[in-house]
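S.K.: For reference, the file entry17.pdb (PDB, C-alpha atoms) is included below:
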MODEL        1
ATOM      1  CA  MET A   1     -23.005 -19.599  24.817
ATOM      2  CA  ARG A   2     -20.702 -21.757  26.909
ATOM      3  CA  GLU A   3     -21.722 -24.916  25.041
ATOM      4  CA  ILE A   4     -20.913 -23.231  21.721
ATOM      5  CA  ILE A   5     -17.450 -22.247  22.918
ATOM      6  CA  ASP A   6     -16.872 -25.777  24.208
ATOM      7  CA  SER A   7     -17.879 -27.239  20.818
ATOM      8  CA  ILE A   8     -15.331 -25.152  18.871
ATOM      9  CA  ASP A   9     -12.289 -27.177  17.823
ATOM     10  CA  PHE A  10      -9.025 -26.387  16.048
ATOM     11  CA  GLY A  11     -10.556 -27.048  12.619
ATOM     12  CA  ASP A  12     -13.211 -24.386  13.185
ATOM     13  CA  VAL A  13     -10.645 -21.786  14.219
ATOM     14  CA  PHE A  14      -8.355 -22.746  11.329
ATOM     15  CA  GLY A  15     -11.246 -22.526   8.851
ATOM     16  CA  LEU A  16     -12.247 -19.084  10.103
ATOM     17  CA  ALA A  17      -8.630 -17.919   9.907
ATOM     18  CA  LEU A  18      -8.309 -19.189   6.333
ATOM     19  CA  LEU A  19     -11.573 -17.554   5.326
ATOM     20  CA  SER A  20     -10.374 -14.285   6.874
ATOM     21  CA  ILE A  21      -7.134 -14.463   4.882
ATOM     22  CA  VAL A  22      -9.038 -15.138   1.652
ATOM     23  CA  VAL A  23     -11.441 -12.257   2.258
ATOM     24  CA  LEU A  24      -8.696  -9.818   3.282
ATOM     25  CA  GLN A  25      -6.663 -10.764   0.221
ATOM     26  CA  HIS A  26      -9.722 -10.072  -1.922
ATOM     27  CA  ALA A  27     -10.121  -6.662  -0.317
ATOM     28  CA  GLY A  28      -6.472  -5.761  -0.791
ATOM     29  CA  THR A  29      -6.508  -6.848  -4.421
ATOM     30  CA  ALA A  30      -9.725  -4.927  -5.086
ATOM     31  CA  GLY A  31      -8.190  -1.825  -3.512
ATOM     32  CA  ILE A  32      -5.025  -2.153  -5.585
ATOM     33  CA  HIS A  33      -7.010  -2.708  -8.757
ATOM     34  CA  ALA A  34      -9.112   0.393  -8.043
ATOM     35  CA  CYS A  35      -6.019   2.609  -7.883
ATOM     36  CA  MET A  36      -3.810   1.058 -10.574
ATOM     37  CA  GLY A  37      -2.427   3.402 -13.179
ATOM     38  CA  ARG A  38      -5.378   5.727 -13.445
ATOM     39  CA  ASP A  39      -4.163   9.004 -12.025
ATOM     40  CA  GLY A  40      -0.688   9.536 -13.437
ATOM     41  CA  ARG A  41       1.192   9.055 -10.185
ATOM     42  CA  THR A  42       4.608   7.522 -10.506
ATOM     43  CA  ARG A  43       5.190   5.910  -7.120
ATOM     44  CA  HIS A  44       3.286   2.739  -7.997
ATOM     45  CA  ARG A  45       4.494   0.565  -5.128
ATOM     46  CA  ALA A  46       3.446   3.122  -2.497
ATOM     47  CA  ILE A  47       0.100   3.602  -4.218
ATOM     48  CA  GLU A  48      -0.477  -0.164  -4.285
ATOM     49  CA  ILE A  49       0.076  -0.370  -0.542
ATOM     50  CA  GLN A  50      -2.279   2.549   0.025
ATOM     51  CA  GLY A  51      -4.850   0.921  -2.270
ATOM     52  CA  ALA A  52      -4.591  -2.378  -0.371
ATOM     53  CA  TRP A  53      -5.190  -0.570   2.930
ATOM     54  CA  ARG A  54      -8.155   1.294   1.487
ATOM     55  CA  GLY A  55      -9.626  -1.951   0.180
ATOM     56  CA  THR A  56      -9.198  -3.583   3.577
ATOM     57  CA  VAL A  57     -10.826  -0.649   5.395
ATOM     58  CA  ALA A  58     -13.696  -0.651   2.893
ATOM     59  CA  LEU A  59     -14.197  -4.379   3.457
ATOM     60  CA  VAL A  60     -14.297  -3.985   7.229
ATOM     61  CA  VAL A  61     -16.873  -1.205   6.917
ATOM     62  CA  LEU A  62     -19.028  -3.152   4.465
ATOM     63  CA  LEU A  63     -18.850  -6.503   6.274
ATOM     64  CA  THR A  64     -19.481  -5.208   9.793
ATOM     65  CA  PRO A  65     -23.281  -5.522   9.459
ATOM     66  CA  VAL A  66     -22.843  -9.005   7.975
ATOM     67  CA  GLY A  67     -20.597  -9.963  10.880
ATOM     68  CA  VAL A  68     -23.217  -8.832  13.373
ATOM     69  CA  VAL A  69     -25.958 -10.853  11.636
ATOM     70  CA  TRP A  70     -23.607 -13.855  11.360
ATOM     71  CA  ALA A  71     -22.663 -13.688  15.044
ATOM     72  CA  LEU A  72     -26.281 -13.391  16.201
ATOM     73  CA  ASP A  73     -27.308 -16.417  14.157
ATOM     74  CA  ALA A  74     -24.174 -18.548  14.497
ATOM     75  CA  PHE A  75     -23.887 -18.146  18.253
ATOM     76  CA  SER A  76     -27.552 -18.939  18.873
ATOM     77  CA  SER A  77     -26.757 -22.676  19.160
ATOM     78  CA  PRO A  78     -23.903 -25.123  18.530
ATOM     79  CA  GLU A  79     -25.836 -26.607  15.597
ATOM     80  CA  ARG A  80     -26.137 -23.201  13.898
ATOM     81  CA  PHE A  81     -22.450 -22.502  14.496
ATOM     82  CA  HIS A  82     -21.419 -25.794  12.896
ATOM     83  CA  LEU A  83     -23.689 -25.130   9.909
ATOM     84  CA  TYR A  84     -21.718 -21.961   9.272
ATOM     85  CA  MET A  85     -18.445 -23.826   9.717
ATOM     86  CA  ARG A  86     -19.581 -26.418   7.141
ATOM     87  CA  ALA A  87     -20.434 -23.598   4.704
ATOM     88  CA  ASN A  88     -17.027 -21.971   5.321
ATOM     89  CA  GLU A  89     -15.228 -25.230   4.600
ATOM     90  CA  ALA A  90     -17.179 -25.787   1.379
ATOM     91  CA  MET A  91     -16.443 -22.257   0.143
ATOM     92  CA  LEU A  92     -12.760 -22.572   0.912
ATOM     93  CA  TRP A  93     -12.386 -25.566  -1.429
ATOM     94  CA  LEU A  94     -13.139 -23.187  -4.301
ATOM     95  CA  TRP A  95     -11.603 -19.980  -3.001
ATOM     96  CA  ILE A  96      -8.225 -21.181  -1.643
ATOM     97  CA  PRO A  97      -6.689 -22.176  -5.021
ATOM     98  CA  ILE A  98      -7.722 -18.867  -6.573
ATOM     99  CA  THR A  99      -6.355 -16.977  -3.578
ATOM    100  CA  VAL A 100      -3.032 -18.813  -3.880
ATOM    101  CA  VAL A 101      -2.798 -17.810  -7.558
ATOM    102  CA  ALA A 102      -3.625 -14.187  -6.710
ATOM    103  CA  LEU A 103      -1.160 -13.986  -3.800
ATOM    104  CA  THR A 104       1.620 -15.624  -5.807
ATOM    105  CA  SER A 105       1.014 -13.252  -8.716
ATOM    106  CA  PHE A 106       0.970 -10.283  -6.369
ATOM    107  CA  LEU A 107       4.268 -11.327  -4.755
ATOM    108  CA  ILE A 108       5.872 -11.844  -8.179
ATOM    109  CA  ALA A 109       4.666  -8.418  -9.263
ATOM    110  CA  ARG A 110       5.954  -6.792  -6.055
ATOM    111  CA  VAL A 111       9.542  -8.000  -6.521
ATOM    112  CA  SER A 112       9.768  -7.806 -10.307
ATOM    113  CA  PRO A 113      10.662  -4.954 -12.631
ATOM    114  CA  TRP A 114       7.867  -2.884 -14.118
ATOM    115  CA  GLN A 115       7.733  -4.915 -17.348
ATOM    116  CA  VAL A 116       6.898  -8.122 -15.488
ATOM    117  CA  ARG A 117       4.484  -6.313 -13.173
ATOM    118  CA  SER A 118       2.711  -4.810 -16.169
ATOM    119  CA  ASN A 119       2.283  -8.247 -17.733
ATOM    120  CA  VAL A 120       1.088  -9.805 -14.465
ATOM    121  CA  ASN A 121      -1.385  -6.946 -14.010
ATOM    122  CA  SER A 122      -2.654  -7.343 -17.561
ATOM    123  CA  MET A 123      -2.852 -11.109 -17.742
ATOM    124  CA  VAL A 124      -3.464 -12.413 -14.240
ATOM    125  CA  PHE A 125      -5.125  -9.654 -12.237
ATOM    126  CA  SER A 126      -7.412  -8.624 -15.089
ATOM    127  CA  VAL A 127      -8.656 -12.178 -15.524
ATOM    128  CA  LEU A 128      -9.109 -12.606 -11.783
ATOM    129  CA  GLU A 129     -10.992  -9.307 -11.596
ATOM    130  CA  LEU A 130     -13.225 -10.421 -14.463
ATOM    131  CA  LEU A 131     -13.968 -13.736 -12.740
ATOM    132  CA  ARG A 132     -14.318 -12.296  -9.213
ATOM    133  CA  PRO A 133     -18.141 -11.951  -9.180
ATOM    134  CA  ALA A 134     -18.713 -15.418 -10.640
ATOM    135  CA  VAL A 135     -16.228 -17.062  -8.266
ATOM    136  CA  ALA A 136     -17.685 -15.241  -5.249
ATOM    137  CA  ALA A 137     -21.242 -16.240  -6.206
ATOM    138  CA  ALA A 138     -20.174 -19.830  -6.876
ATOM    139  CA  GLY A 139     -18.502 -20.041  -3.463
ATOM    140  CA  MET A 140     -21.598 -18.707  -1.758
ATOM    141  CA  ALA A 141     -23.794 -21.169  -3.677
ATOM    142  CA  ILE A 142     -21.502 -24.066  -2.723
ATOM    143  CA  GLY A 143     -21.723 -23.033   0.938
ATOM    144  CA  ALA A 144     -25.522 -22.781   0.790
ATOM    145  CA  ILE A 145     -25.847 -26.151  -0.940
ATOM    146  CA  ALA A 146     -23.466 -27.811   1.539
ATOM    147  CA  THR A 147     -25.651 -26.746   4.451
ATOM    148  CA  GLY A 148     -29.100 -26.722   2.863
ATOM    149  CA  ASP A 149     -29.995 -23.870   5.213
ATOM    150  CA  LEU A 150     -31.789 -20.752   3.985
ATOM    151  CA  ARG A 151     -30.381 -18.403   6.646
ATOM    152  CA  VAL A 152     -26.817 -19.516   5.975
ATOM    153  CA  GLY A 153     -27.391 -18.935   2.268
ATOM    154  CA  LEU A 154     -28.852 -15.466   2.853
ATOM    155  CA  VAL A 155     -26.018 -14.400   5.148
ATOM    156  CA  GLY A 156     -23.544 -15.754   2.569
ATOM    157  CA  ALA A 157     -25.276 -13.879  -0.250
ATOM    158  CA  PHE A 158     -25.245 -10.672   1.794
ATOM    159  CA  ALA A 159     -21.527 -11.142   2.549
ATOM    160  CA  VAL A 160     -20.702 -11.750  -1.118
ATOM    161  CA  LEU A 161     -22.651  -8.666  -2.210
ATOM    162  CA  MET A 162     -20.843  -6.513   0.341
ATOM    163  CA  GLY A 163     -17.481  -8.030  -0.637
ATOM    164  CA  LEU A 164     -18.080  -7.250  -4.292
ATOM    165  CA  MET A 165     -18.802  -3.622  -3.406
ATOM    166  CA  VAL A 166     -15.246  -3.159  -2.073
ATOM    167  CA  PHE A 167     -13.874  -2.341  -5.528
ATOM    168  CA  ARG A 168     -16.573   0.268  -6.218
ATOM    169  CA  LEU A 169     -16.254   1.886  -2.798
ATOM    170  CA  THR A 170     -12.453   1.966  -3.003
ATOM    171  CA  ARG A 171     -12.571   3.439  -6.501
ATOM    172  CA  ARG A 172     -14.947   6.193  -5.348
ATOM    173  CA  TRP A 173     -12.737   6.817  -2.313
ATOM    174  CA  TRP A 174      -9.630   6.957  -4.480
ATOM    175  CA  TYR A 175     -11.116   9.462  -6.936
ATOM    176  CA  SER A 176     -13.092  11.593  -4.506
ATOM    177  CA  LYS A 177     -10.285  14.150  -4.824
ATOM    178  CA  PRO A 178      -8.894  14.103  -8.361
ATOM    179  CA  VAL A 179      -5.155  14.517  -8.793
ATOM    180  CA  THR A 180      -3.983  17.701 -10.492
ATOM    181  CA  LEU A 181      -0.650  18.464 -12.096
ATOM    182  CA  ASP A 182       0.293  20.508  -9.030
ATOM    183  CA  ASP A 183      -0.161  17.402  -6.861
ATOM    184  CA  LEU A 184       2.431  15.552  -8.948
ATOM    185  CA  GLY A 185       5.164  18.056  -8.150
ATOM    186  CA  PRO A 186       7.429  20.069 -10.406
ATOM    187  CA  ALA A 187       8.234  18.803 -13.857
ATOM    188  CA  PRO A 188      11.602  17.084 -14.171
ATOM    189  CA  ARG A 189      14.376  19.274 -15.511
ATOM    190  CA  THR A 190      15.803  18.370 -18.852
ATOM    191  CA  ALA A 191      19.342  19.109 -19.813
TER     192      ALA A 191
ENDMDL
END
As structure tokens, how would this structure be written, given the file I've shared?
M.R.:
Amino acid sequence: MREIIDSIDFGDVFGLALLSIVVLQHAGTAGIHACMGRDGRTRHRAIEIQGAWRGTVALVVLLTPVGVVWALDAFSSPERFHLYMRANEAMLWLWIPITVVALTSFLIARVSPWQVRSNVNSMVFSVLELLRPAVAAAGMAIGAIATGDLRVGLVGAFAVLMGLMVFRLTRRWWYSKPVTLDDLGPAPRTA
């Protein structure tokens, strides 16, 4: 274990940090998308934050078994660890530009009026959500090809499958207790 820790450099730590940011952004976006505009609530910004947290929690729950398998294999030898780092770097070449587009769109939507947010949700987030499975699978395939290692490919495939389940789990979590009219509060008074 000591030789693995000694072989870790700044690039490895930076790559893992970037991959974590990409994956957490995916989880937050999936959680927001699962809660958007489907239950009649009017406090959209608060709901988006709650959806992002739910997506992040769902991701942590789903990826914990993958993390255990990854750690057992990656920390078995320095060579195995660097195979995983090579796969991470290869995946990031595809995933970072898409993550930048998603984060930029999200920030624009957060500070813009509802008309702009509605258009960003319709045009950008919908397209990204449509492409999410293909982009995730392509990133995993790129990582597996870059290493040529079956175990790295299997762990990557397992991670991608769990990551794609975040949206479904968050949606089920969000709608496990349907909202009723009483939950929305009293009707506004009209003059």
S.K.: Convert the output of the PyMOL selection byres ((chain A and resi 173) around 10) on the shown file into explicit residues, formatted as a list in words.
M.R.: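 The output of the PyMOL selection byres ((chain A and resi 173) around 10) on this file is Gly31, Ala34, Cys35, Gly51, Arg54, Gly55, Ala58, Phe167, Arg168, Leu169, Thr170, Arg171, Arg172, Trp174, Tyr175, Ser176 and Lys177 of chain A.
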S.K.: Neighbours of region 18-21 of chain A within 9 Å (only C-alpha atoms; same-chain residues fewer than 5 positions away dropped), as a ChimeraX atom specification?
M.R.: /A:13,26,88-89,91-92,95-96,99
S.K.: If the box runs along x, y and z of the file and leaves 8 Å on each side of region 138-151 of chain A, what are its centre and edge lengths in Å, one decimal, as AutoDock Vina command-line options?
M.R.:
--center_x -25.1 --center_y -23.1 --center_z -0.1 --size_x 29.3 --size_y 25.4 --size_z 29.5
S.K.: Return as a CSV table (one decimal) with C-alpha atoms, in the frame of the given file the set of residues that the PyMOL selection byres ((chain A and resi 105-108) around 12) yields on the displayed structure.
M.R.:
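The file below, part.csv, is the result:
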chain,number,residue,atom,x,y,z
A,25,GLN,CA,-6.7,-10.8,0.2
A,26,HIS,CA,-9.7,-10.1,-1.9
A,28,GLY,CA,-6.5,-5.8,-0.8
A,29,THR,CA,-6.5,-6.8,-4.4
A,32,ILE,CA,-5.0,-2.2,-5.6
A,33,HIS,CA,-7.0,-2.7,-8.8
A,45,ARG,CA,4.5,0.6,-5.1
A,48,GLU,CA,-0.5,-0.2,-4.3
A,49,ILE,CA,0.1,-0.4,-0.5
A,52,ALA,CA,-4.6,-2.4,-0.4
A,98,ILE,CA,-7.7,-18.9,-6.6
A,99,THR,CA,-6.4,-17.0,-3.6
A,100,VAL,CA,-3.0,-18.8,-3.9
A,101,VAL,CA,-2.8,-17.8,-7.6
A,102,ALA,CA,-3.6,-14.2,-6.7
A,103,LEU,CA,-1.2,-14.0,-3.8
A,104,THR,CA,1.6,-15.6,-5.8
A,109,ALA,CA,4.7,-8.4,-9.3
A,110,ARG,CA,6.0,-6.8,-6.1
A,111,VAL,CA,9.5,-8.0,-6.5
A,112,SER,CA,9.8,-7.8,-10.3
A,113,PRO,CA,10.7,-5.0,-12.6
A,114,TRP,CA,7.9,-2.9,-14.1
A,115,GLN,CA,7.7,-4.9,-17.3
A,116,VAL,CA,6.9,-8.1,-15.5
A,117,ARG,CA,4.5,-6.3,-13.2
A,118,SER,CA,2.7,-4.8,-16.2
A,119,ASN,CA,2.3,-8.2,-17.7
A,120,VAL,CA,1.1,-9.8,-14.5
A,121,ASN,CA,-1.4,-6.9,-14.0
A,122,SER,CA,-2.7,-7.3,-17.6
A,123,MET,CA,-2.9,-11.1,-17.7
A,124,VAL,CA,-3.5,-12.4,-14.2
A,125,PHE,CA,-5.1,-9.7,-12.2
A,126,SER,CA,-7.4,-8.6,-15.1
A,127,VAL,CA,-8.7,-12.2,-15.5
A,128,LEU,CA,-9.1,-12.6,-11.8
S.K.: I need the residue set behind the PyMOL selection byres ((chain A and resi 150-165) around 9) for this file; please write it as a VMD selection string.
M.R.: chain A and resid 23 26 to 27 30 58 to 59 62 to 63 66 to 67 69 to 70 73 to 74 80 83 to 84 87 132 to 133 136 to 137 139 to 141 143 to 145 147 to 149 166 to 170
S.K.: How many Å lie between CA of Pro97 (chain A) and CA of Val135 (chain A), rounded to one decimal?
M.R.: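 Computing it gives 11.3 Å between the two atoms.
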S.K.: Grab the CA of Pro78 (chain A) to CA of Ala146 (chain A) distance for me, in Å with one decimal place.
M.R.: 17.2 Å
S.K.: Can you measure CA of Leu94 (chain A) to CA of Gly15 (chain A) for me? One decimal in Å is fine.
M.R.: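 Straight-line distance from CA of Leu94 (chain A) to CA of Gly15 (chain A) works out to 13.3 Å.
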S.K.: My list of candidates is A:Ile5, A:Ala90, A:Ala134, A:Val60. Which is closest to Phe75 (chain A) when distances are computed with all atoms listed in the file?
M.R.: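 Among the listed residues, A:Ile5 lies closest to Phe75 (chain A).
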S.K.: Please determine, counting all atoms listed in the file, which residue among A:Glu129, A:Ser7, A:Asp12, A:Arg2 has the shortest atom-to-atom distance to Arg86 (chain A).
M.R.: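 Nearest candidate to Arg86 (chain A) out of A:Glu129, A:Ser7, A:Asp12, A:Arg2: A:Asp12.
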